[in-house]
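This report concerns only the one structure given below.
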Amino acid sequence: MIDSILVLNAGSSSIKFSVEAPAGAAAVRMLAVGQIEGIGNHVHFIAKDADGAVLAETRWADGDGPMDHDSALRVISEWLDGFLGDARVLAVGHRVVHGGLDFSGPVRIDAAVRAKLQELVPLAPLHQPHNLAPIDAVEARYPGVLQVACFDTSFHRGHAFAAEAFAIPLKYYEQGIRRYGFHGLSYEYVARRLREVAPDVALGRVVVAHLGNGASMCGLREGKSVESSMGFTALDGLAMGTRSGQIDPGVLLHLIGAAGMTVPEVTRMLYHDSGLKGLSGISSDMRDLERSDDPRAVRAIDYFIHAIQRQLGSLVASVGGLDALVFTAGIGENSAMVRRRVCEKMGWLGIVLDPAANEANAGVISAPGSPVKVLVVRTSEETMIGLHVLEALAEQAVA
Ligand code: ADP
């Protein structure tokens, strides 16, 4: 094996990872990908090669496997040591949800940065602590290794005041109560890929729909983020697998006030029991809903499409027109039905779909001559993190 970059994406009960080998000055090649999930419960570890073949897999009985992120990381690093053989871990890149006001790009983690990242926990209390958990474990396991934090918010840091502020007293804006936007690593990767696969539109007016379990949309101009459907948290905007998306804040005041719900109850409802799951009462998974003829599943999908339509209209206004619409992430890359319905409803924007290309999940799914180009781009947040780490390694070599 060759010296490689380890990319970590740690959540509350899982750590996803990939092993990326430098492939020239500005490219990485994925050697392996995997995850350890169910930490503290029914733990399952799996690693696959670039073609999807299983390299290693372990399932632990209930209560028998790694109980925390430290021991989960040990499982990954022990496997990695065997996988890499004589080769080294060059550096580790972490996906970190929140970079706050200070981090408008990836940052090398030292003691001061580590402390600053900790201070951002209140901005994303459900995610940030888990993202940070492996940093100390990595330092213990690979002392002195270069660690780089890559943020979901950074790509959106250049937004204009009107796209970033809430119309509440200005002191809150100054305190950091702003629309940060998320999924930035995905949008950054897609913006970069567009320059390769669609240079004619890449620097134009583009809206990208990242439709996964978490879902958001982003308006791009000249390859830069202008506006995001997500706001202060990753709850705003589109309805998602289990998250509500846009909601009148008055509803929350009512639930916490007159209806007597507690903040943890409302939090749980908004993050885990809403969206496709809440509306359908069946599943948060689009595949299950597509297969179902239950009217609740049909309505949940209708809502999902309608929310995309509204956001698209809004983002087209933000970027001043539309040269290209890009679909990405699990639903965006795979659901021909969702793409077809969005494009049909938004045909008035100048979108002409090529039905056969759409069914085939082709890269370009608009018809030749369509005034708006429609593309499907496979996102890879891991690759984007790998590329950022590669840049940090190059800077380190120069310094
Ligand atoms: P995450 O946000 O967890 O990374 P993904 O980007 O993997 O999520 O997207 C998960 C979503 O993609 C799920 O709703 C899943 O149903 C959907 N999805 C994956 N494959 C298909 C498919 N072939 N058709 C429709 N939806 C799909």
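As shown in the structure tokens, the chain order sets the letters A, B, ...; within each chain, residues go from 1, and ligands are also counted from 1 in the order they appear.
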
Closest contacts (chain A/ligand 1, max 8 Å, only C-alpha atoms and all ligand atoms) as a tab-separated table:
residue	atom	partner	partner_atom_place_in_ligand_line	distance
A:His210	CA	ligand 1	6 (O)	7.8
A:Leu211	CA	ligand 1	6 (O)	6.5
A:Gly212	CA	ligand 1	9 (O)	3.4
A:Asn213	CA	ligand 1	2 (O)	3.7
A:Gly214	CA	ligand 1	2 (O)	4.5
A:Ala215	CA	ligand 1	2 (O)	7.0
A:Gly241	CA	ligand 1	14 (O)	6.1
A:Ser284	CA	ligand 1	14 (O)	6.3
A:Asp285	CA	ligand 1	14 (O)	3.9
A:Met286	CA	ligand 1	16 (O)	3.7
A:Arg287	CA	ligand 1	16 (O)	4.3
A:Asp288	CA	ligand 1	16 (O)	6.8
A:Glu290	CA	ligand 1	25 (C)	7.1
A:Thr328	CA	ligand 1	6 (O)	7.8
A:Ala329	CA	ligand 1	6 (O)	4.0
A:Gly330	CA	ligand 1	9 (O)	3.3
A:Ile331	CA	ligand 1	12 (O)	4.0
A:Gly332	CA	ligand 1	12 (O)	7.5
A:Glu333	CA	ligand 1	21 (C)	7.6
A:Asn334	CA	ligand 1	22 (C)	4.4
A:Ser335	CA	ligand 1	25 (C)	4.1
A:Ala336	CA	ligand 1	24 (N)	7.4

What's around Glu381 (chain A) at 12 Å? Count only C-alpha atoms, leave out sequence neighbours fewer than 3 positions away in its own chain, and write the answer as a ChimeraX atom specification. /A:7-9,16-18,20,30,93-97,150-152,183-190,192,210,328-329,378,384-388

Have a look at A:Val19, A:Ile2, A:Leu132, A:Cys343 and name the one nearest to Pro355 (chain A); count only C-alpha atoms.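 Looking at the shortest contact to Pro355 (chain A), the residue is A:Cys343.
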
Which value, in Å to one decimal, gives the distance between CA of Gly237 (chain A) and CA of Tyr271 (chain A)? 12.9 Å

Could you tell me how far CA of Ile46 (chain A) lies from CA of Ala27 (chain A), in Å and to one decimal?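 CA of Ala27 (chain A) lies at a distance of 25.3 Å from CA of Ile46 (chain A).
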
Go through A:Phe45, A:Tyr173, A:Tyr180, A:Phe304 one by one, measure the shortest atom-to-atom distance of each to Ser104 (chain A) using only C-alpha atoms, and give the residue with the smallest value.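 Among the listed residues, the smallest separation from Ser104 (chain A) belongs to A:Tyr180.
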
Name all residues at most 7 Å from region 223-227 of chain A (count only C-alpha atoms; drop same-chain ones fewer than 3 positions away) and give them as a PyMOL selection string. chain A and resi 155-156+159+163+191+202-203+218-220+318-319

As a PyMOL selection string, which residues of region 114-265 of chain A does DSSP assign to helix (DSSP H, G or I)? chain A and resi 114-119+121-123+128-141+154-156+161-164+170-174+184-197+249-256+263-265

Residues of region 146-326 of chain A classed as strand (DSSP E or B) by DSSP on the backbone are to be reported as a compact mmCIF listing (two decimals) with N, CA and C atoms, in the first residue's frame.
# COMPACT_ATOMS: atom_id res chain seq x y z
N LEU A 146 -0.49 15.22 11.21
CA LEU A 146 -1.24 16.41 10.78
C LEU A 146 -2.73 16.10 10.79
N GLN A 147 -3.50 16.91 11.52
CA GLN A 147 -4.96 16.74 11.51
C GLN A 147 -5.58 18.04 10.99
N VAL A 148 -6.57 17.87 10.13
CA VAL A 148 -7.20 19.03 9.47
C VAL A 148 -8.71 18.95 9.69
N ALA A 149 -9.29 20.05 10.13
CA ALA A 149 -10.75 20.12 10.28
C ALA A 149 -11.35 20.76 9.03
N CYS A 150 -12.34 20.10 8.45
CA CYS A 150 -13.00 20.60 7.24
C CYS A 150 -14.48 20.80 7.60
N PHE A 151 -14.99 21.99 7.32
CA PHE A 151 -16.30 22.37 7.87
C PHE A 151 -17.42 22.35 6.84
N ARG A 205 -25.00 30.70 -13.39
CA ARG A 205 -25.99 30.69 -12.29
C ARG A 205 -26.48 29.26 -12.12
N VAL A 206 -26.11 28.68 -10.99
CA VAL A 206 -26.33 27.24 -10.78
C VAL A 206 -27.06 27.03 -9.46
N VAL A 207 -28.04 26.12 -9.46
CA VAL A 207 -28.64 25.68 -8.19
C VAL A 207 -28.34 24.19 -8.03
N VAL A 208 -27.80 23.83 -6.88
CA VAL A 208 -27.49 22.43 -6.59
C VAL A 208 -28.46 21.94 -5.52
N ALA A 209 -29.06 20.78 -5.79
CA ALA A 209 -29.97 20.15 -4.82
C ALA A 209 -29.27 18.92 -4.23
N HIS A 210 -28.84 19.05 -2.98
CA HIS A 210 -28.23 17.92 -2.27
C HIS A 210 -29.37 17.20 -1.54
N LEU A 211 -29.85 16.11 -2.15
CA LEU A 211 -31.03 15.43 -1.61
C LEU A 211 -30.61 14.07 -1.05
N ALA A 215 -31.18 17.08 3.59
CA ALA A 215 -31.36 17.64 2.24
C ALA A 215 -31.30 19.16 2.32
N SER A 216 -30.61 19.74 1.34
CA SER A 216 -30.58 21.19 1.25
C SER A 216 -30.33 21.59 -0.18
N MET A 217 -30.44 22.89 -0.45
CA MET A 217 -30.13 23.39 -1.78
C MET A 217 -29.25 24.63 -1.65
N CYS A 218 -28.48 24.87 -2.70
CA CYS A 218 -27.51 25.97 -2.65
C CYS A 218 -27.49 26.68 -3.99
N GLY A 219 -27.51 28.00 -3.94
CA GLY A 219 -27.37 28.79 -5.16
C GLY A 219 -25.90 29.17 -5.34
N LEU A 220 -25.37 28.95 -6.54
CA LEU A 220 -23.97 29.26 -6.83
C LEU A 220 -23.90 30.29 -7.95
N ARG A 221 -22.97 31.20 -7.81
CA ARG A 221 -22.64 32.09 -8.93
C ARG A 221 -21.12 32.15 -9.01
N LYS A 224 -19.26 30.04 -6.59
CA LYS A 224 -19.26 30.35 -5.15
C LYS A 224 -20.68 30.34 -4.61
N SER A 225 -20.81 29.95 -3.34
CA SER A 225 -22.13 29.89 -2.72
C SER A 225 -22.68 31.29 -2.48
N VAL A 226 -23.92 31.50 -2.91
CA VAL A 226 -24.58 32.79 -2.74
C VAL A 226 -25.65 32.69 -1.65
N GLU A 227 -26.31 31.55 -1.58
CA GLU A 227 -27.38 31.37 -0.59
C GLU A 227 -27.61 29.89 -0.38
N SER A 228 -28.00 29.53 0.86
CA SER A 228 -28.29 28.14 1.19
C SER A 228 -29.70 28.03 1.75
N ALA A 324 -27.94 26.22 -14.86
CA ALA A 324 -27.87 24.77 -14.63
C ALA A 324 -28.49 24.40 -13.28
N LEU A 325 -29.14 23.24 -13.29
CA LEU A 325 -29.69 22.65 -12.06
C LEU A 325 -28.97 21.32 -11.88
N VAL A 326 -28.45 21.09 -10.67
CA VAL A 326 -27.66 19.89 -10.43
C VAL A 326 -28.29 19.10 -9.29

Between A:Ala234, A:Ala112, A:Ala133, A:Val298, which is the closest to Thr153 (chain A) once you count only C-alpha atoms? A:Ala234

Between A:Ala21, A:Met261, A:Lys373, A:Arg339, which is the closest to Glu359 (chain A) once you count only C-alpha atoms?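 Result for the nearest residue to Glu359 (chain A): A:Arg339.
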
What is the distance between CA of Ala23 (chain A) and CA of Asp49 (chain A), in Å to one decimal?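 It comes out at 16.6 Å.
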
Find the spatial neighbours of region 345-354 of chain A, counting only C-alpha atoms, within a cut-off of 6 Å - ignore same-chain residues fewer than 6 positions away - and output them as a tab-separated table (two decimals) with N, CA, C and O atoms, in the first residue's frame.
chain	number	residue	atom	x	y	z
A	365	ILE	N	-28.98	15.19	-17.92
A	365	ILE	CA	-30.33	14.63	-18.09
A	365	ILE	C	-31.28	15.62	-18.75
A	365	ILE	O	-32.46	15.31	-18.92
A	366	SER	N	-30.77	16.81	-19.15
A	366	SER	CA	-31.61	17.73	-19.92
A	366	SER	C	-31.48	17.35	-21.40
A	366	SER	O	-30.47	16.75	-21.82
A	367	ALA	N	-32.52	17.72	-22.17
A	367	ALA	CA	-32.49	17.45	-23.61
A	367	ALA	C	-31.50	18.39	-24.27
A	367	ALA	O	-31.30	19.51	-23.78
A	370	SER	N	-31.86	22.33	-24.34
A	370	SER	CA	-32.62	22.83	-23.19
A	370	SER	C	-31.98	24.13	-22.70
A	370	SER	O	-30.76	24.16	-22.46
A	371	PRO	N	-32.74	25.20	-22.53
A	371	PRO	CA	-32.12	26.47	-22.07
A	371	PRO	C	-31.41	26.30	-20.73
A	371	PRO	O	-30.41	26.97	-20.48
A	372	VAL	N	-31.94	25.44	-19.87
A	372	VAL	CA	-31.27	25.16	-18.60
A	372	VAL	C	-30.69	23.74	-18.68
A	372	VAL	O	-31.39	22.80	-19.03
